[in-house]
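Engineer: This is input-v6.txt (compact mmCIF, C-alpha atoms and all ligand atoms).
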# COMPACT_ATOMS: atom_id res chain seq x y z
CA MET A 298 23.85 9.81 4.25
CA LYS A 299 21.57 7.13 2.75
CA LYS A 300 17.95 7.98 1.95
CA HIS A 301 15.14 5.68 3.06
CA PHE A 302 11.46 5.25 2.27
CA ILE A 303 9.99 3.66 5.37
CA ASP A 304 7.01 5.52 6.76
CA ILE A 305 4.65 7.85 4.88
CA ALA A 306 4.65 10.13 7.96
CA ASP A 307 8.35 10.89 7.33
CA PHE A 308 7.30 12.94 4.27
CA SER A 309 5.73 16.38 3.95
CA LYS A 310 2.88 17.32 1.64
CA ASP A 311 5.37 18.86 -0.81
CA ASP A 312 7.56 15.74 -0.76
CA LEU A 313 4.57 13.51 -1.55
CA LEU A 314 3.27 15.82 -4.28
CA ASP A 315 6.74 15.93 -5.85
CA LEU A 316 6.89 12.12 -5.91
CA ILE A 317 3.37 11.91 -7.40
CA HIS A 318 4.16 14.50 -10.09
CA GLN A 319 7.36 12.67 -10.94
CA ALA A 320 5.43 9.39 -11.23
CA ILE A 321 2.87 11.09 -13.50
CA ALA A 322 5.69 12.46 -15.66
CA PHE A 323 7.14 8.94 -15.99
CA ARG A 324 3.87 7.87 -17.64
CA SER A 325 4.49 10.08 -20.67
CA HIS A 326 8.27 10.56 -20.68
CA LYS A 327 10.91 7.88 -20.58
CA ALA A 328 12.69 8.07 -17.22
CA PRO A 329 16.34 9.15 -17.34
CA PRO A 330 18.33 6.03 -16.42
CA LEU A 331 20.02 5.77 -13.03
CA ASP A 332 23.62 4.70 -12.59
CA ALA A 333 23.54 1.17 -14.07
CA SER A 334 25.90 -0.15 -11.39
CA ARG A 335 23.16 0.26 -8.74
CA ILE A 336 21.80 -2.98 -7.28
CA CYS A 337 18.54 -3.25 -5.42
CA ALA A 338 17.75 -6.42 -3.41
CA LEU A 339 14.06 -7.30 -3.16
CA LEU A 340 13.55 -9.36 -0.02
CA PHE A 341 9.93 -10.41 0.38
CA LEU A 342 9.27 -12.43 3.52
CA GLU A 343 5.53 -12.30 2.90
CA ASN A 344 3.86 -13.16 -0.38
CA SER A 345 3.30 -10.53 -3.02
CA THR A 346 2.62 -10.17 -6.73
CA ARG A 347 1.89 -6.50 -7.39
CA THR A 348 4.40 -4.91 -5.05
CA LEU A 349 7.23 -7.33 -5.86
CA CYS A 350 6.78 -7.28 -9.63
CA SER A 351 6.26 -3.54 -9.80
CA PHE A 352 9.52 -2.91 -7.90
CA GLN A 353 11.25 -5.33 -10.32
CA ILE A 354 9.76 -3.55 -13.33
CA ALA A 355 10.60 -0.14 -11.84
CA CYS A 356 14.27 -1.23 -11.52
CA CYS A 357 14.21 -2.45 -15.11
CA ARG A 358 12.71 0.82 -16.40
CA LEU A 359 15.37 2.83 -14.54
CA GLY A 360 18.18 0.66 -15.90
CA ILE A 361 19.32 -0.72 -12.54
CA HIS A 362 19.64 -4.29 -11.40
CA ALA A 363 17.02 -6.03 -9.23
CA LEU A 364 18.24 -8.99 -7.20
CA TYR A 365 15.64 -11.36 -5.82
CA PRO A 366 17.01 -13.72 -3.16
CA PRO A 367 14.23 -16.30 -2.74
CA PRO A 368 13.47 -16.15 1.01
CA GLU A 369 12.84 -19.87 1.51
CA ARG A 370 16.26 -20.71 -0.02
CA SER A 371 18.18 -17.85 1.62
CA SER A 372 20.45 -18.09 4.65
CA LEU A 373 17.54 -16.83 6.79
CA SER A 374 16.23 -20.40 6.58
CA LYS A 375 19.50 -21.51 8.26
CA GLY A 376 18.82 -19.15 11.15
CA GLU A 377 20.86 -16.14 10.03
CA GLY A 378 19.63 -12.84 11.47
CA LEU A 379 18.22 -10.33 8.99
CA GLU A 380 20.77 -7.69 9.94
CA ASP A 381 23.70 -10.04 9.20
CA MET A 382 22.17 -11.02 5.90
CA VAL A 383 21.67 -7.38 4.92
CA LEU A 384 25.28 -6.53 5.86
CA SER A 385 26.47 -9.39 3.63
CA LEU A 386 24.30 -8.18 0.75
CA HIS A 387 25.80 -4.73 1.19
CA ALA A 388 29.33 -6.18 1.25
CA MET A 389 28.56 -7.74 -2.15
CA GLY A 390 27.58 -4.32 -3.50
CA VAL A 391 23.83 -4.06 -2.90
CA ASP A 392 22.82 -0.39 -2.54
CA ALA A 393 19.17 -0.66 -1.49
CA LEU A 394 16.95 -3.20 0.23
CA VAL A 395 13.26 -3.37 -0.65
CA LEU A 396 11.76 -5.28 2.26
CA ARG A 397 8.40 -6.88 2.95
CA HIS A 398 8.18 -8.33 6.45
CA GLN A 399 5.61 -9.30 9.06
CA ASP A 400 7.20 -7.24 11.85
CA ASP A 401 5.71 -3.78 12.48
CA ARG A 402 9.06 -2.15 13.39
CA ILE A 403 11.57 -4.03 11.24
CA CYS A 404 12.41 -1.19 8.82
CA GLU A 405 13.06 1.30 11.63
CA THR A 406 15.25 -1.27 13.39
CA LEU A 407 17.28 -1.90 10.22
CA LYS A 408 17.51 1.82 9.54
CA TYR A 409 19.25 2.33 12.89
CA SER A 410 21.52 -0.73 12.59
CA VAL A 411 22.55 -0.71 8.90
CA GLY A 412 20.82 2.36 7.46
CA ASP A 413 24.05 4.32 7.09
CA GLN A 414 25.23 1.69 4.59
CA ILE A 415 22.16 0.68 2.63
CA SER A 416 18.87 2.41 1.72
CA ILE A 417 15.80 0.74 3.20
CA ILE A 418 12.57 0.81 1.20
CA ASN A 419 9.49 -0.49 2.97
CA ALA A 420 7.38 -2.73 0.70
CA GLY A 421 4.79 -3.34 3.44
CA ASN A 422 5.48 -4.36 7.01
CA GLY A 423 3.23 -5.84 9.67
CA THR A 424 -0.16 -4.23 9.98
CA VAL A 425 1.22 -0.70 10.15
CA HIS A 426 3.13 0.64 7.16
CA HIS A 427 2.78 0.35 3.39
CA PRO A 428 4.07 3.69 2.13
CA SER A 429 4.58 2.77 -1.54
CA GLN A 430 0.96 1.58 -1.70
CA THR A 431 -0.14 4.89 -0.19
CA LEU A 432 1.78 6.82 -2.82
CA LEU A 433 0.09 4.89 -5.64
CA ASP A 434 -3.31 5.27 -3.96
CA LEU A 435 -2.81 9.04 -3.68
CA MET A 436 -1.63 9.19 -7.30
CA THR A 437 -4.75 7.30 -8.41
CA ILE A 438 -7.03 9.64 -6.44
CA PHE A 439 -5.22 12.69 -7.83
CA GLU A 440 -5.46 11.48 -11.43
CA LYS A 441 -9.12 10.52 -11.12
CA LYS A 442 -10.40 13.36 -8.92
CA GLN A 443 -7.91 16.11 -9.90
CA THR A 444 -7.45 16.99 -6.23
CA LEU A 445 -6.13 15.54 -2.99
CA THR A 446 -8.14 17.73 -0.64
CA GLY A 447 -11.77 18.24 0.36
CA LEU A 448 -12.62 14.62 -0.39
CA ASN A 449 -14.85 12.18 1.46
CA VAL A 450 -12.95 8.92 1.51
CA ALA A 451 -14.64 5.74 2.72
CA ILE A 452 -12.35 2.87 3.72
CA VAL A 453 -14.36 -0.31 4.01
CA GLY A 454 -13.56 -3.59 5.71
CA ASP A 455 -10.77 -5.11 7.69
CA VAL A 456 -9.13 -1.86 8.83
CA LYS A 457 -7.74 -3.45 11.98
CA HIS A 458 -5.38 -5.77 10.08
CA SER A 459 -4.67 -3.40 7.20
CA ARG A 460 -1.35 -1.61 6.73
CA VAL A 461 -2.85 -0.22 3.50
CA ALA A 462 -5.56 1.58 5.51
CA ARG A 463 -3.26 2.89 8.26
CA SER A 464 -0.75 4.31 5.80
CA LEU A 465 -3.47 5.77 3.57
CA ILE A 466 -5.15 7.55 6.51
CA GLN A 467 -1.82 9.18 7.35
CA GLY A 468 -1.17 10.05 3.71
CA LEU A 469 -4.62 11.61 3.21
CA ASN A 470 -4.06 13.76 6.30
CA ILE A 471 -0.65 14.91 5.07
CA VAL A 472 -1.76 15.95 1.59
CA GLY A 473 -5.07 17.64 2.34
CA ASP A 474 -8.10 18.33 4.44
CA ASN A 475 -10.10 15.16 3.86
CA ARG A 476 -12.87 13.41 5.76
CA ILE A 477 -12.22 9.72 6.25
CA SER A 478 -14.96 7.32 7.11
CA LEU A 479 -13.94 3.87 8.37
CA ILE A 480 -16.73 1.44 7.63
CA THR A 481 -16.05 -1.71 9.59
CA PRO A 482 -17.67 -4.35 11.70
CA ALA A 483 -17.02 -3.52 15.38
CA GLU A 484 -14.46 -6.33 15.76
CA TRP A 485 -12.31 -4.93 12.92
CA MET A 486 -12.35 -1.34 14.10
CA PRO A 487 -8.78 -0.35 15.01
CA ASP A 488 -7.75 1.85 17.92
CA THR A 489 -8.19 5.31 16.38
CA THR A 490 -6.52 7.38 19.11
CA ASP A 491 -3.53 8.09 16.84
CA MET A 492 -5.65 8.68 13.71
CA GLU A 493 -6.80 12.14 12.64
CA ASN A 494 -10.04 13.10 10.83
CA VAL A 495 -11.62 9.67 11.01
CA ALA A 496 -15.21 8.81 11.74
CA HIS A 497 -16.54 5.30 12.20
CA SER A 498 -19.64 3.78 10.71
CA ALA A 499 -20.89 0.30 11.48
CA ASN A 500 -23.32 0.41 8.54
CA LEU A 501 -22.15 0.20 4.92
CA LYS A 502 -25.03 2.12 3.33
CA GLU A 503 -24.88 4.95 5.88
CA GLY A 504 -21.10 5.14 5.83
CA LEU A 505 -20.92 5.36 2.02
CA GLN A 506 -23.14 8.46 1.81
CA HIS A 507 -21.35 11.32 -0.02
CA ALA A 508 -18.18 9.23 -0.48
CA ASP A 509 -16.07 10.48 -3.41
CA VAL A 510 -13.60 7.64 -3.08
CA VAL A 511 -14.43 4.15 -1.85
CA VAL A 512 -11.42 2.04 -0.83
CA MET A 513 -12.29 -1.60 -0.34
CA LEU A 514 -9.91 -3.72 1.73
CA ARG A 515 -9.17 -7.38 1.36
CA VAL A 516 -10.33 -9.53 4.23
CA GLN A 517 -6.94 -10.75 5.48
CA LYS A 518 -7.83 -14.29 6.35
CA GLU A 519 -4.17 -15.13 7.00
CA ARG A 520 -3.93 -12.58 9.83
CA ILE A 521 -7.10 -13.62 11.60
CA ALA A 522 -6.60 -16.43 14.08
CA GLU A 523 -10.14 -17.66 14.42
CA TRP A 524 -11.70 -17.71 11.00
CA ASP A 525 -15.16 -19.08 10.51
CA GLU A 526 -16.83 -19.88 7.18
CA GLN A 527 -20.10 -18.37 8.31
CA LEU A 528 -18.29 -15.06 8.70
CA ILE A 529 -17.36 -15.12 4.97
CA ALA A 530 -20.96 -15.55 3.88
CA ASP A 531 -22.25 -12.92 6.31
CA TYR A 532 -19.48 -10.60 5.31
CA HIS A 533 -20.52 -10.25 1.70
CA GLN A 534 -24.12 -9.80 2.73
CA ASN A 535 -23.35 -7.00 5.18
CA TRP A 536 -20.14 -5.37 4.00
CA GLY A 537 -19.62 -6.36 0.35
CA LEU A 538 -19.60 -3.61 -2.30
CA ASN A 539 -21.75 -4.24 -5.38
CA VAL A 540 -23.54 -2.04 -7.94
CA THR A 541 -26.47 -1.58 -5.54
CA THR A 542 -24.48 -0.54 -2.49
CA LEU A 543 -22.21 1.67 -4.64
CA ASP A 544 -25.32 3.76 -5.37
CA PHE A 545 -25.17 5.06 -1.79
CA ALA A 546 -21.86 6.80 -2.54
CA ALA A 547 -21.56 10.03 -4.58
CA GLU A 548 -22.63 9.70 -8.21
CA ASP A 549 -19.07 9.99 -9.47
CA ALA A 550 -17.41 8.00 -6.69
CA ILE A 551 -14.42 5.90 -7.70
CA VAL A 552 -13.78 2.39 -6.39
CA MET A 553 -10.32 1.32 -5.29
CA HIS A 554 -8.84 -1.89 -3.89
CA PRO A 555 -5.12 -2.60 -3.28
CA GLY A 556 -5.45 -6.20 -4.45
CA PRO A 557 -5.43 -9.10 -4.29
CA VAL A 558 -9.21 -9.21 -4.38
CA ASN A 559 -11.42 -11.86 -2.77
CA ARG A 560 -14.03 -11.76 -5.53
CA ASP A 561 -17.60 -11.72 -4.24
CA MET A 562 -16.41 -11.38 -0.67
CA GLU A 563 -15.46 -7.75 -0.05
CA ILE A 564 -16.27 -6.71 -3.63
CA ALA A 565 -18.61 -8.16 -6.25
CA SER A 566 -16.97 -9.47 -9.42
CA GLU A 567 -19.18 -7.14 -11.48
CA LEU A 568 -17.43 -4.11 -9.94
CA ILE A 569 -13.89 -5.13 -10.73
CA SER A 570 -14.03 -4.09 -14.37
CA HIS A 571 -16.81 -1.54 -13.81
CA PRO A 572 -16.19 1.91 -15.39
CA ARG A 573 -15.86 3.44 -11.91
CA SER A 574 -13.33 0.85 -10.75
CA CYS A 575 -9.73 2.10 -10.60
CA ILE A 576 -8.23 -1.19 -9.45
CA LEU A 577 -6.05 -1.81 -12.50
CA HIS A 578 -5.22 1.88 -12.76
CA GLN A 579 -3.81 1.57 -9.24
CA VAL A 580 -1.64 -1.33 -10.38
CA SER A 581 -0.25 0.72 -13.27
CA CYS A 582 0.44 3.67 -10.92
CA GLY A 583 2.35 1.19 -8.73
CA VAL A 584 5.19 0.83 -11.24
CA LEU A 585 5.45 4.60 -11.79
CA CYS A 586 5.39 5.42 -8.06
CA ARG A 587 8.04 2.81 -7.31
CA MET A 588 10.20 4.33 -10.07
CA ALA A 589 9.78 7.70 -8.33
CA ILE A 590 10.71 6.14 -4.97
CA LEU A 591 13.87 4.47 -6.36
CA ASN A 592 14.79 7.70 -8.07
CA TYR A 593 14.36 9.52 -4.74
CA VAL A 594 16.53 7.15 -2.68
CA PHE A 595 19.26 7.04 -5.33
CA SER A 596 19.37 10.80 -6.05
C1 LIG B 1 -1.68 -5.36 0.31
C2 LIG B 1 -0.65 -5.85 1.30
O1 LIG B 1 0.08 -6.78 1.06
O2 LIG B 1 -0.60 -5.22 2.33
N1 LIG B 1 -1.49 -5.75 -1.00
C3 LIG B 1 -0.65 -5.07 -1.78
O3 LIG B 1 0.43 -4.68 -1.38
N2 LIG B 1 -1.07 -4.83 -3.03
C4 LIG B 1 -3.04 -5.61 0.77
C5 LIG B 1 -3.47 -7.02 1.01
O4 LIG B 1 -2.69 -7.97 0.93
O5 LIG B 1 -4.65 -7.16 1.31
Before anything else, please render the file you have as C-alpha cells.
Ligand code: NCD
Structural biologist:
Amino acid sequence: MKKHFIDIADFSKDDLLDLIHQAIAFRSHKAPPLDASRICALLFLENSTRTLCSFQIACCRLGIHALYPPPERSSLSKGEGLEDMVLSLHAMGVDALVLRHQDDRICETLKYSVGDQISIINAGNGTVHHPSQTLLDLMTIFEKKQTLTGLNVAIVGDVKHSRVARSLIQGLNIVGDNRISLITPAEWMPDTTDMENVAHSANLKEGLQHADVVVMLRVQKERIAEWDEQLIADYHQNWGLNVTTLDFAAEDAIVMHPGPVNRDMEIASELISHPRSCILHQVSCGVLCRMAILNYVFS
C-alpha cells in the first residue's frame, strides 16, 4: 500500500509531532539516505519558488532523484489528462508525485485512481490544502514558542483565498488547544462552519491583542477576479502589519508569512528582517519538513 501526504486532517497529533521532531533532528544530524533508486516527480501547475525548490533540495539531501517535468512543455499542453500522464510517469519508474494544482480535490481524485501505484504528495492545491506548509509553520511555532498548545494565533488577511490559512487552522486544532483569531476584511472572511476554535475580528488592532503568533497572508491578487488599485492602498492602511501595529500583539509575539511577500502591502518591509520575524526561519524549516514527509512516504 502506497503512503500519501495529501490533507493535514489525515494525520493525528502524534503523527504530526513525530514528523516535526524528525525534521528538527534533520537540522543537526545528517539524514540517513533513502534507496537511491527512488524517483520523485515534481509537477507544479502553479508557480512556486519555496515549495518547489525545497522539495528538490529535500530529495537531494535524502539521496533520491527529483524529476521536474516543466508543465508548459509537458504532454498536458497537448491535452493529455493528468491521470494518464501520471500513469506514464509511473511506468517509467517514478515512485512519488509531488503535485501543485489549482483544483481543490485533485489529490484525492488521483489517490483513488492511481494511488495504489504512486505516492501522492500535495504541494498546495486550490484554496483548500497546503499540508507541507502547515507542517513547517507548526515546526516554526514549536521551535520559537516551545509549545504547540495554549497559544493565541492571529491569522491576518486574505483568509478566503488562502490554502495556507485553512490547512494551518486544521493543524493548530489537531496539535493543541489554541485560540485562532481570523483578522480579515468582511469580503475575505471564509465560511467558518467547518472551522473549529476560530473567532473573527474586522479590526487589526483589536484582533491582534494577546496574539502570541501573528501569521500574515499574502494578498492573492491572481485569485481575485475584480482587483482594484485603490484596494491595495487602502489595504496597507487598514490591514498592513508594521512595527506600530505589531505593538498590539503580545510583547514576545512572533511574525510569520508563508511567502512570497507583497512588501508594504500586507507587511511593512521593516518587519521582514525584524528580530521577531520568523519568515526565513520558516523557509529553512520547509526543507527539513519536506525531508520528513519524503521519508514518511518512502518508509
Ligand atoms: C503559498 C501558496 O502557494 O499557497 N506560498 C507558499 O507555498 N510558500 C502562499 C501564497 O502563495 O500566498
Engineer: For Lys300 of chain A, find every residue with an atom within 8 Å (counting all atoms listed in the file), except residues of its own chain fewer than 4 positions away, and show them as a PyMOL selection string.
Structural biologist: chain A and resi 416-417+593-595
Engineer: Output C-alpha atoms for every residue in that selection, as an mmCIF file, in the frame of the given file.
Structural biologist:
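part.cif, written as the output of this step:
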data_model
loop_
_atom_site.group_PDB
_atom_site.id
_atom_site.type_symbol
_atom_site.label_atom_id
_atom_site.label_comp_id
_atom_site.auth_asym_id
_atom_site.auth_seq_id
_atom_site.Cartn_x
_atom_site.Cartn_y
_atom_site.Cartn_z
ATOM 1 C CA SER A 416 18.870 2.410 1.720
ATOM 2 C CA ILE A 417 15.800 0.740 3.200
ATOM 3 C CA TYR A 593 14.360 9.520 -4.740
ATOM 4 C CA VAL A 594 16.530 7.150 -2.680
ATOM 5 C CA PHE A 595 19.260 7.040 -5.330
#
Engineer: Could you list, as a PDB file with C-alpha atoms, keeping the file's coordinate frame, all residues that come within 7 Å of ligand LIG 1 (chain B)? Count only C-alpha atoms and all ligand atoms.
Structural biologist:
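Produced file selection17.pdb, reproduced below:
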ATOM      1  CA  SER A 345       3.300 -10.530  -3.020  1.00  0.00           C
ATOM      2  CA  ARG A 347       1.890  -6.500  -7.390  1.00  0.00           C
ATOM      3  CA  THR A 348       4.400  -4.910  -5.050  1.00  0.00           C
ATOM      4  CA  GLY A 421       4.790  -3.340   3.440  1.00  0.00           C
ATOM      5  CA  HIS A 427       2.780   0.350   3.390  1.00  0.00           C
ATOM      6  CA  GLN A 430       0.960   1.580  -1.700  1.00  0.00           C
ATOM      7  CA  SER A 459      -4.670  -3.400   7.200  1.00  0.00           C
ATOM      8  CA  ARG A 460      -1.350  -1.610   6.730  1.00  0.00           C
ATOM      9  CA  VAL A 461      -2.850  -0.220   3.500  1.00  0.00           C
ATOM     10  CA  LEU A 514      -9.910  -3.720   1.730  1.00  0.00           C
ATOM     11  CA  ARG A 515      -9.170  -7.380   1.360  1.00  0.00           C
ATOM     12  CA  VAL A 516     -10.330  -9.530   4.230  1.00  0.00           C
ATOM     13  CA  GLN A 517      -6.940 -10.750   5.480  1.00  0.00           C
ATOM     14  CA  PRO A 555      -5.120  -2.600  -3.280  1.00  0.00           C
ATOM     15  CA  GLY A 556      -5.450  -6.200  -4.450  1.00  0.00           C
ATOM     16  CA  PRO A 557      -5.430  -9.100  -4.290  1.00  0.00           C
TER      17      PRO A 557
END
Engineer: Using only C-alpha atoms for the distances, tell me which of A:Lys442, A:Arg402, A:Lys502, A:His533 is nearest to Glu563 of chain A.
Structural biologist: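 Answer, going by the shortest atom-to-atom distance: A:His533.
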Engineer: Counting only C-alpha atoms, figure out which residue out of A:Val456, A:Leu528, A:Leu585, A:Ala550 gets nearest to Met562 of chain A.
Structural biologist: A:Leu528
Engineer: Point out the residue among A:Ile477, A:Ile361, A:Met588, A:Ala530 with the least atom-to-atom distance to Ile317 of chain A, counting only C-alpha atoms.
Structural biologist: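 Ranking A:Ile477, A:Ile361, A:Met588, A:Ala530 by distance to Ile317 of chain A, first place goes to A:Met588.
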Engineer: Can you measure atom CA of Gly423 of chain A to atom CA of Gln353 of chain A for me? One decimal in Å is fine.
Structural biologist: 21.5 Å
Engineer: In Å, rounded to a single decimal, give me how far atom CA of Leu349 of chain A is from atom CA of Gly378 of chain A.
Structural biologist: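 Computing it gives 22.0 Å between the two atoms.
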Engineer: Pick the closest to Glu380 of chain A from A:Phe545, A:Tyr409, A:Phe323, A:Phe308: which is it, counting only C-alpha atoms?
Structural biologist: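 Among the listed residues, the smallest separation from Glu380 of chain A belongs to A:Tyr409.
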Engineer: Quote the spacing between atom CA of His458 of chain A and atom CA of Leu394 of chain A in Å to one decimal place.
Structural biologist: 24.5 Å
Engineer: Please provide the set of residues having any atom within 9 Å of segment 324-337 of chain A, restricted to only C-alpha atoms, with same-chain residues fewer than 4 positions apart removed, written as a list in words.
Structural biologist: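 Everything that qualifies: Gln319, Ala320, Cys356, Arg358, Leu359, Gly360, Ile361, His362, Ala363, Leu364, Tyr365, Gly390, Val391, Asp392, Ala393, Leu394, Val395, Cys582, Leu585, Met588, Asn592, Phe595 and Ser596 of chain A.
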Engineer: List the neighbours of Glu405 of chain A out to 12 Å using only C-alpha atoms; skip same-chain residues closer than 3 positions along the sequence, and give me the result as a ChimeraX atom specification.
Structural biologist: /A:301-304,307,380,396,398,400-402,408-412,416-419,422,426
Engineer: For Leu384 of chain A, which residue among A:Leu407, A:Leu501, A:Ala451, A:Ile438 is the nearest when counting only C-alpha atoms?
Structural biologist: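 Between A:Leu407, A:Leu501, A:Ala451, A:Ile438, the residue approaching Leu384 of chain A most closely is A:Leu407.
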Engineer: Compare A:Leu538, A:Ile305, A:Met382, A:Cys357 by their minimum atom-to-atom distance to Leu340 of chain A, counting all atoms listed in the file, and give me the closest one.
Structural biologist: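 Using all atoms listed in the file, the shortest distance to Leu340 of chain A belongs to A:Met382.
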Engineer: Name all residues at most 10 Å from Asp549 of chain A (count all atoms listed in the file; drop same-chain ones fewer than 3 positions away) and give them as a ChimeraX atom specification.
Structural biologist: /A:442,507-510,544,546,552,573
Engineer: If the box runs along x, y and z of the file and leaves 5 Å on each side of segment 399-404 of chain A, what are its centre and edge lengths in Å, one decimal, as AutoDock Vina command-line options?
Structural biologist:
--center_x 9.0 --center_y -5.2 --center_z 11.1 --size_x 16.8 --size_y 18.1 --size_z 14.6
Engineer: Mind checking which residues fall within 12 Å of Trp485 of chain A, counting only C-alpha atoms, ignoring those fewer than 4 positions away in the same chain, and posting them as an mmCIF file with C-alpha atoms, in the frame of the given file?
Structural biologist:
data_model
loop_
_atom_site.group_PDB
_atom_site.id
_atom_site.type_symbol
_atom_site.label_atom_id
_atom_site.label_comp_id
_atom_site.auth_asym_id
_atom_site.auth_seq_id
_atom_site.Cartn_x
_atom_site.Cartn_y
_atom_site.Cartn_z
ATOM 1 C CA VAL A 453 -14.360 -0.310 4.010
ATOM 2 C CA GLY A 454 -13.560 -3.590 5.710
ATOM 3 C CA ASP A 455 -10.770 -5.110 7.690
ATOM 4 C CA VAL A 456 -9.130 -1.860 8.830
ATOM 5 C CA LYS A 457 -7.740 -3.450 11.980
ATOM 6 C CA HIS A 458 -5.380 -5.770 10.080
ATOM 7 C CA SER A 459 -4.670 -3.400 7.200
ATOM 8 C CA ALA A 462 -5.560 1.580 5.510
ATOM 9 C CA LEU A 479 -13.940 3.870 8.370
ATOM 10 C CA ILE A 480 -16.730 1.440 7.630
ATOM 11 C CA THR A 481 -16.050 -1.710 9.590
ATOM 12 C CA THR A 489 -8.190 5.310 16.380
ATOM 13 C CA HIS A 497 -16.540 5.300 12.200
ATOM 14 C CA SER A 498 -19.640 3.780 10.710
ATOM 15 C CA ALA A 499 -20.890 0.300 11.480
ATOM 16 C CA LEU A 514 -9.910 -3.720 1.730
ATOM 17 C CA VAL A 516 -10.330 -9.530 4.230
ATOM 18 C CA GLN A 517 -6.940 -10.750 5.480
ATOM 19 C CA ARG A 520 -3.930 -12.580 9.830
ATOM 20 C CA ILE A 521 -7.100 -13.620 11.600
ATOM 21 C CA TYR A 532 -19.480 -10.600 5.310
ATOM 22 C CA TRP A 536 -20.140 -5.370 4.000
#
Engineer: Could you write segment 504-519 of chain A as a PDB file, in the coordinates of the input, with N, CA, C and O atoms rebuilt where they are missing?
Structural biologist:
ATOM      1  N   GLY A 504     -22.494   4.679   5.896  1.00  0.00           N
ATOM      2  CA  GLY A 504     -21.100   5.140   5.830  1.00  0.00           C
ATOM      3  C   GLY A 504     -20.708   5.608   4.435  1.00  0.00           C
ATOM      4  O   GLY A 504     -19.860   6.482   4.279  1.00  0.00           O
ATOM      5  N   LEU A 505     -21.317   5.013   3.396  1.00  0.00           N
ATOM      6  CA  LEU A 505     -20.920   5.360   2.020  1.00  0.00           C
ATOM      7  C   LEU A 505     -21.493   6.695   1.541  1.00  0.00           C
ATOM      8  O   LEU A 505     -21.037   7.231   0.521  1.00  0.00           O
ATOM      9  N   GLN A 506     -22.474   7.228   2.270  1.00  0.00           N
ATOM     10  CA  GLN A 506     -23.140   8.460   1.810  1.00  0.00           C
ATOM     11  C   GLN A 506     -22.121   9.565   1.555  1.00  0.00           C
ATOM     12  O   GLN A 506     -21.272   9.819   2.400  1.00  0.00           O
ATOM     13  N   HIS A 507     -22.206  10.202   0.405  1.00  0.00           N
ATOM     14  CA  HIS A 507     -21.350  11.320  -0.020  1.00  0.00           C
ATOM     15  C   HIS A 507     -19.892  10.915  -0.282  1.00  0.00           C
ATOM     16  O   HIS A 507     -19.050  11.800  -0.485  1.00  0.00           O
ATOM     17  N   ALA A 508     -19.577   9.618  -0.245  1.00  0.00           N
ATOM     18  CA  ALA A 508     -18.180   9.230  -0.480  1.00  0.00           C
ATOM     19  C   ALA A 508     -17.774   9.539  -1.921  1.00  0.00           C
ATOM     20  O   ALA A 508     -18.484   9.182  -2.861  1.00  0.00           O
ATOM     21  N   ASP A 509     -16.633  10.218  -2.076  1.00  0.00           N
ATOM     22  CA  ASP A 509     -16.070  10.480  -3.410  1.00  0.00           C
ATOM     23  C   ASP A 509     -15.142   9.351  -3.835  1.00  0.00           C
ATOM     24  O   ASP A 509     -14.928   9.111  -5.021  1.00  0.00           O
ATOM     25  N   VAL A 510     -14.558   8.729  -2.834  1.00  0.00           N
ATOM     26  CA  VAL A 510     -13.600   7.640  -3.080  1.00  0.00           C
ATOM     27  C   VAL A 510     -13.976   6.501  -2.137  1.00  0.00           C
ATOM     28  O   VAL A 510     -14.138   6.722  -0.937  1.00  0.00           O
ATOM     29  N   VAL A 511     -14.117   5.301  -2.691  1.00  0.00           N
ATOM     30  CA  VAL A 511     -14.430   4.150  -1.850  1.00  0.00           C
ATOM     31  C   VAL A 511     -13.260   3.166  -1.960  1.00  0.00           C
ATOM     32  O   VAL A 511     -12.965   2.656  -3.044  1.00  0.00           O
ATOM     33  N   VAL A 512     -12.582   2.958  -0.844  1.00  0.00           N
ATOM     34  CA  VAL A 512     -11.420   2.040  -0.830  1.00  0.00           C
ATOM     35  C   VAL A 512     -11.867   0.763  -0.146  1.00  0.00           C
ATOM     36  O   VAL A 512     -12.168   0.758   1.054  1.00  0.00           O
ATOM     37  N   MET A 513     -11.919  -0.312  -0.918  1.00  0.00           N
ATOM     38  CA  MET A 513     -12.290  -1.600  -0.340  1.00  0.00           C
ATOM     39  C   MET A 513     -11.019  -2.337   0.095  1.00  0.00           C
ATOM     40  O   MET A 513     -10.006  -2.293  -0.595  1.00  0.00           O
ATOM     41  N   LEU A 514     -11.081  -2.985   1.228  1.00  0.00           N
ATOM     42  CA  LEU A 514      -9.910  -3.720   1.730  1.00  0.00           C
ATOM     43  C   LEU A 514     -10.147  -5.215   1.626  1.00  0.00           C
ATOM     44  O   LEU A 514     -11.268  -5.683   1.826  1.00  0.00           O
ATOM     45  N   ARG A 515      -9.076  -5.922   1.360  1.00  0.00           N
ATOM     46  CA  ARG A 515      -9.170  -7.380   1.360  1.00  0.00           C
ATOM     47  C   ARG A 515      -9.372  -7.892   2.781  1.00  0.00           C
ATOM     48  O   ARG A 515      -8.752  -7.376   3.718  1.00  0.00           O
ATOM     49  N   VAL A 516     -10.223  -8.881   2.927  1.00  0.00           N
ATOM     50  CA  VAL A 516     -10.330  -9.530   4.230  1.00  0.00           C
ATOM     51  C   VAL A 516      -9.089 -10.406   4.373  1.00  0.00           C
ATOM     52  O   VAL A 516      -8.866 -11.324   3.583  1.00  0.00           O
ATOM     53  N   GLN A 517      -8.250 -10.082   5.351  1.00  0.00           N
ATOM     54  CA  GLN A 517      -6.940 -10.750   5.480  1.00  0.00           C
ATOM     55  C   GLN A 517      -7.074 -12.007   6.309  1.00  0.00           C
ATOM     56  O   GLN A 517      -6.721 -12.026   7.488  1.00  0.00           O
ATOM     57  N   LYS A 518      -7.556 -13.044   5.629  1.00  0.00           N
ATOM     58  CA  LYS A 518      -7.830 -14.290   6.350  1.00  0.00           C
ATOM     59  C   LYS A 518      -6.578 -14.818   7.055  1.00  0.00           C
ATOM     60  O   LYS A 518      -6.663 -15.402   8.118  1.00  0.00           O
ATOM     61  N   GLU A 519      -5.395 -14.585   6.426  1.00  0.00           N
ATOM     62  CA  GLU A 519      -4.170 -15.130   7.000  1.00  0.00           C
ATOM     63  C   GLU A 519      -3.766 -14.463   8.315  1.00  0.00           C
ATOM     64  O   GLU A 519      -2.930 -14.972   9.047  1.00  0.00           O
TER      65      GLU A 519
END
